[in-house]
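A.B. asks: What follows is a single structure, and I will ask about it in a moment.
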Amino acid sequence: MSAAADADAAPRPKHLLDLADWTPKQIAALFDTTDVMAQVMTRTIKKVPALQGFTVGTLFFENSTRTRLSFERAARAQSADVISFAAGASSLSKGESLKDTLRTIDAMQADLYVVRHPASGAPHQLTRWTDARVVNAGDGRRAHPTQALLDAYTFKTRFPEFAGFEGVKLAIVGDVAHSRVARSNVELWTKLGAHVTLCGPRTLLPEEFGERSGVTLTHRLADAVEGAHAVMALRLQRERMAGPLLPSLAEYRARYQVSRAALALAHPDALVMHPGPMNRDVEIEGPLADDPRSVIEAQVANGVPVRMAVLYTLLVGGKGRA
Ligand code: CP
């Protein structure tokens with residue numbers, strides 16, 4: 001489908017577990033394919049036969065709105081069949097193990113699994129128990145690669161003056177410590193040549209990030225936002241916090257809320273991003289989420305063609321089951 005894919009000598013990974021395994025050329029090829037899929041989504045009939053005969057299993061052991069629905073939309077828009085597993089409505093509650101659950105679903109012959117799990121590394125573990133391809137839809141605090149891909153793709157479409165990501169400044173503000181979105185975005189944007197500034201209180205900003213090339217840490221919102229081409233706000237992930245990590249929510253808001261006032265320091269055309277779900281008036285000022293600078297809904301919309309491209313690349317770029 002794309003010339004860029006042929007130009008890349010590295011073998012394309014069988015799975016999408018995290019972006020460390022994918023080269024910049026492979027990511028560029030994925031974005032080329034996304035452009036084609038985005039065009040499909042502008043047609044009256046938003047459906048192509050590209051994945052006819054393939055079955056995609058969505059295995060969600062943790063809640064999701066955007067990721068699960070957009071993967072299912074992405075599969076069906078390419079005429080794949082979809083089987084869906086939701087942990088809350090499954091036999092996990094009757095004591096079935098993760099391995100037996102996968103083997104049960106695997107007996108139904110899916111070609112690719114989209115997996116979200118609260119345990120870091122769970123999608124990697126599943127690759128040992130199935131011949132099907134596996135896409136990580138978020139594991140613990142470790143990685144959420146398709147979120148980072150759709151974030152970067154959204155930036156690319158809105159900031160065409162950057163041919164690549166060299167010279168781009170991304171600020172990520174909030175609960176970095178518990179965020180798989182932050183980890184995958186750091187991996188992707190720095191790999192593509194951008195500079196990433198991570199900002200938050202000391203308890204939510206692990207110093208290990210500062211050891212990475214192309215990454216700066218700061219506890220001052222003004223320093224993070226200054227000159228940024230995109231500012232991404234992150235939710236406080238209370239469900240992953242073992243204890244209280246903030247003196248008070250009011251203080252957190254005052255120091256770290258991404259607001260219209262804070263944006264005044266950013267690049268004049270800076271984009272406001274949020275992976276969702278968002279808590280208005282906590283990590284992001286409510287009206288800023290609806291401001292023309294906000295691309296939060298575009299991020300959701302782009303999730304479909306990006307995930308179409310991921311499914312197409314893994315299933316048709318290779319074959320279904322190995
Ligand atoms: N961004 C994201 O992963 O959203 P969901 O949890 O709704 O899938």
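Labels for the structure tokens follow display order: chains A, B, ..., residues from 1 in each chain, ligands from 1.
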Counting only C-alpha atoms and all ligand atoms, which protein, DNA or RNA residues come within 7 Å of ligand 1, given as a VMD selection string?
C.D. replies: chain A and resid 63 to 68 138 147 275 to 277
A.B. asks: Please produce an output containing C-alpha atoms for each residue in the selection, written as a JSON list (two decimals), in the first residue's frame.
C.D. replies:
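Writing the result to out_22.json gives the following:
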```json
[["chain", "number", "residue", "atom", "x", "y", "z"],
["A", 63, "ASN", "CA", -12.38, -0.21, 31.03],
["A", 64, "SER", "CA", -12.19, 1.80, 27.82],
["A", 65, "THR", "CA", -14.42, 4.00, 25.70],
["A", 66, "ARG", "CA", -12.21, 5.45, 22.96],
["A", 67, "THR", "CA", -9.71, 2.67, 22.36],
["A", 68, "ARG", "CA", -12.09, -0.29, 22.26],
["A", 138, "GLY", "CA", -2.71, -0.15, 27.05],
["A", 147, "GLN", "CA", -2.62, 6.44, 21.57],
["A", 275, "PRO", "CA", -5.79, 11.52, 25.49],
["A", 276, "GLY", "CA", -9.01, 11.30, 27.50],
["A", 277, "PRO", "CA", -10.84, 10.58, 29.62]]
```
A.B. asks: Quick one: contact table of stretch 265-322 of chain A to stretch 41-62 of chain A, 12 Å max, nearest atom pair and distance in Å to one decimal per residue, counting only C-alpha atoms, chain and number order, as a tab-separated table?
C.D. replies:
```
residue	atom	partner	partner_atom	distance
A:Ala301	CA	A:Met41	CA	9.6
A:Asn302	CA	A:Met41	CA	9.8
A:Gly303	CA	A:Met41	CA	11.4
A:Val304	CA	A:Met41	CA	8.5
A:Pro305	CA	A:Met41	CA	7.4
A:Val306	CA	A:Met41	CA	11.1
A:Arg307	CA	A:Val56	CA	11.9
A:Met308	CA	A:Leu51	CA	9.7
A:Ala309	CA	A:Ala50	CA	10.7
A:Val310	CA	A:Leu51	CA	11.8
A:Leu311	CA	A:Leu51	CA	8.5
A:Tyr312	CA	A:Leu51	CA	7.1
A:Thr313	CA	A:Leu51	CA	10.5
A:Leu314	CA	A:Leu51	CA	10.8
A:Leu315	CA	A:Leu51	CA	7.8
A:Val316	CA	A:Leu51	CA	7.6
A:Gly317	CA	A:Leu51	CA	11.2
A:Lys319	CA	A:Phe54	CA	9.9
A:Gly320	CA	A:Phe54	CA	7.2
A:Arg321	CA	A:Phe54	CA	9.7
```
A.B. asks: Taking only C-alpha atoms into account, name the residue in A:Ala262, A:Ile27, A:Ala233, A:Ala77 that is nearest to A:Val40.
C.D. replies: A:Ala77
A.B. asks: Among stretch 48-121 of chain A, which ones does DSSP assign to helix (DSSP H, G or I) (computed from the backbone)? Answer as a ChimeraX atom specification.
C.D. replies: /A:66-76,87-89,91-94,98-106
A.B. asks: Could you dump the residues just selected with N, CA and C atoms as a PDB file, in the first residue's frame?
C.D. replies:
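Resulting contents of part_26.pdb:
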```pdb
ATOM      1  N   ARG A  66     -12.811   5.093  24.245  1.00  0.00           N
ATOM      2  CA  ARG A  66     -12.211   5.449  22.959  1.00  0.00           C
ATOM      3  C   ARG A  66     -11.495   4.297  22.268  1.00  0.00           C
ATOM      4  N   THR A  67     -10.611   3.643  23.006  1.00  0.00           N
ATOM      5  CA  THR A  67      -9.712   2.669  22.362  1.00  0.00           C
ATOM      6  C   THR A  67     -10.494   1.463  21.848  1.00  0.00           C
ATOM      7  N   ARG A  68     -11.355   0.907  22.689  1.00  0.00           N
ATOM      8  CA  ARG A  68     -12.086  -0.292  22.256  1.00  0.00           C
ATOM      9  C   ARG A  68     -13.011   0.035  21.084  1.00  0.00           C
ATOM     10  N   LEU A  69     -13.789   1.107  21.220  1.00  0.00           N
ATOM     11  CA  LEU A  69     -14.736   1.428  20.143  1.00  0.00           C
ATOM     12  C   LEU A  69     -14.021   1.761  18.847  1.00  0.00           C
ATOM     13  N   SER A  70     -12.900   2.472  18.932  1.00  0.00           N
ATOM     14  CA  SER A  70     -12.237   2.860  17.676  1.00  0.00           C
ATOM     15  C   SER A  70     -11.535   1.674  17.028  1.00  0.00           C
ATOM     16  N   PHE A  71     -11.026   0.726  17.820  1.00  0.00           N
ATOM     17  CA  PHE A  71     -10.472  -0.491  17.201  1.00  0.00           C
ATOM     18  C   PHE A  71     -11.595  -1.297  16.525  1.00  0.00           C
ATOM     19  N   GLU A  72     -12.736  -1.379  17.181  1.00  0.00           N
ATOM     20  CA  GLU A  72     -13.829  -2.154  16.587  1.00  0.00           C
ATOM     21  C   GLU A  72     -14.350  -1.460  15.329  1.00  0.00           C
ATOM     22  N   ARG A  73     -14.421  -0.145  15.377  1.00  0.00           N
ATOM     23  CA  ARG A  73     -14.816   0.636  14.184  1.00  0.00           C
ATOM     24  C   ARG A  73     -13.780   0.425  13.071  1.00  0.00           C
ATOM     25  N   ALA A  74     -12.515   0.441  13.454  1.00  0.00           N
ATOM     26  CA  ALA A  74     -11.421   0.292  12.475  1.00  0.00           C
ATOM     27  C   ALA A  74     -11.463  -1.087  11.814  1.00  0.00           C
ATOM     28  N   ALA A  75     -11.783  -2.099  12.586  1.00  0.00           N
ATOM     29  CA  ALA A  75     -11.849  -3.458  12.029  1.00  0.00           C
ATOM     30  C   ALA A  75     -13.046  -3.586  11.095  1.00  0.00           C
ATOM     31  N   ARG A  76     -14.198  -3.111  11.559  1.00  0.00           N
ATOM     32  CA  ARG A  76     -15.426  -3.275  10.753  1.00  0.00           C
ATOM     33  C   ARG A  76     -15.378  -2.414   9.495  1.00  0.00           C
ATOM     34  N   ALA A  87     -13.933  -8.021  30.410  1.00  0.00           N
ATOM     35  CA  ALA A  87     -13.643  -8.807  31.619  1.00  0.00           C
ATOM     36  C   ALA A  87     -14.844  -8.873  32.563  1.00  0.00           C
ATOM     37  N   GLY A  88     -15.547  -7.750  32.709  1.00  0.00           N
ATOM     38  CA  GLY A  88     -16.646  -7.693  33.675  1.00  0.00           C
ATOM     39  C   GLY A  88     -17.790  -8.625  33.330  1.00  0.00           C
ATOM     40  N   ALA A  89     -17.908  -8.977  32.055  1.00  0.00           N
ATOM     41  CA  ALA A  89     -19.020  -9.831  31.625  1.00  0.00           C
ATOM     42  C   ALA A  89     -18.523 -11.226  31.241  1.00  0.00           C
ATOM     43  N   SER A  91     -16.104 -15.061  32.191  1.00  0.00           N
ATOM     44  CA  SER A  91     -15.940 -16.115  33.197  1.00  0.00           C
ATOM     45  C   SER A  91     -14.688 -15.923  34.046  1.00  0.00           C
ATOM     46  N   LEU A  92     -13.987 -14.777  33.882  1.00  0.00           N
ATOM     47  CA  LEU A  92     -12.879 -14.464  34.794  1.00  0.00           C
ATOM     48  C   LEU A  92     -13.389 -14.453  36.236  1.00  0.00           C
ATOM     49  N   SER A  93     -14.621 -13.936  36.416  1.00  0.00           N
ATOM     50  CA  SER A  93     -15.195 -13.844  37.766  1.00  0.00           C
ATOM     51  C   SER A  93     -15.446 -15.231  38.353  1.00  0.00           C
ATOM     52  N   LYS A  94     -15.423 -16.267  37.496  1.00  0.00           N
ATOM     53  CA  LYS A  94     -15.620 -17.641  37.996  1.00  0.00           C
ATOM     54  C   LYS A  94     -14.282 -18.322  38.244  1.00  0.00           C
ATOM     55  N   LEU A  98      -5.950 -16.039  33.107  1.00  0.00           N
ATOM     56  CA  LEU A  98      -5.725 -15.271  31.869  1.00  0.00           C
ATOM     57  C   LEU A  98      -5.369 -16.210  30.725  1.00  0.00           C
ATOM     58  N   LYS A  99      -4.502 -17.195  31.015  1.00  0.00           N
ATOM     59  CA  LYS A  99      -4.068 -18.114  29.955  1.00  0.00           C
ATOM     60  C   LYS A  99      -5.252 -18.934  29.428  1.00  0.00           C
ATOM     61  N   ASP A 100      -6.060 -19.479  30.331  1.00  0.00           N
ATOM     62  CA  ASP A 100      -7.205 -20.282  29.883  1.00  0.00           C
ATOM     63  C   ASP A 100      -8.236 -19.416  29.167  1.00  0.00           C
ATOM     64  N   THR A 101      -8.361 -18.165  29.616  1.00  0.00           N
ATOM     65  CA  THR A 101      -9.280 -17.249  28.931  1.00  0.00           C
ATOM     66  C   THR A 101      -8.815 -17.043  27.495  1.00  0.00           C
ATOM     67  N   LEU A 102      -7.517 -16.786  27.331  1.00  0.00           N
ATOM     68  CA  LEU A 102      -6.997 -16.564  25.973  1.00  0.00           C
ATOM     69  C   LEU A 102      -7.140 -17.819  25.125  1.00  0.00           C
ATOM     70  N   ARG A 103      -6.812 -18.980  25.708  1.00  0.00           N
ATOM     71  CA  ARG A 103      -6.901 -20.219  24.928  1.00  0.00           C
ATOM     72  C   ARG A 103      -8.341 -20.488  24.496  1.00  0.00           C
ATOM     73  N   THR A 104      -9.284 -20.118  25.339  1.00  0.00           N
ATOM     74  CA  THR A 104     -10.704 -20.295  24.999  1.00  0.00           C
ATOM     75  C   THR A 104     -11.066 -19.418  23.805  1.00  0.00           C
ATOM     76  N   ILE A 105     -10.646 -18.156  23.872  1.00  0.00           N
ATOM     77  CA  ILE A 105     -10.974 -17.233  22.773  1.00  0.00           C
ATOM     78  C   ILE A 105     -10.185 -17.633  21.524  1.00  0.00           C
ATOM     79  N   ASP A 106      -8.959 -18.088  21.742  1.00  0.00           N
ATOM     80  CA  ASP A 106      -8.091 -18.469  20.627  1.00  0.00           C
ATOM     81  C   ASP A 106      -8.677 -19.653  19.846  1.00  0.00           C
TER      82      ASP A 106
END
```
A.B. asks: Show me a table, sorted first by chain and then by increasing residue number, of the residues of stretch 36-123 of chain A having an atom at most 12 Å from stretch 172-195 of chain A, each with its shortest atom pair and the distance in Å to one decimal, counting only C-alpha atoms and written as CSV.
C.D. replies:
```
residue,atom,partner,partner_atom,distance
A:Arg116,CA,A:Arg180,CA,11.5
A:His117,CA,A:Arg180,CA,11.7
A:Pro118,CA,A:Arg180,CA,10.7
A:Ala119,CA,A:Arg180,CA,11.4
A:Ser120,CA,A:Arg180,CA,9.4
A:Gly121,CA,A:Arg180,CA,11.7
```
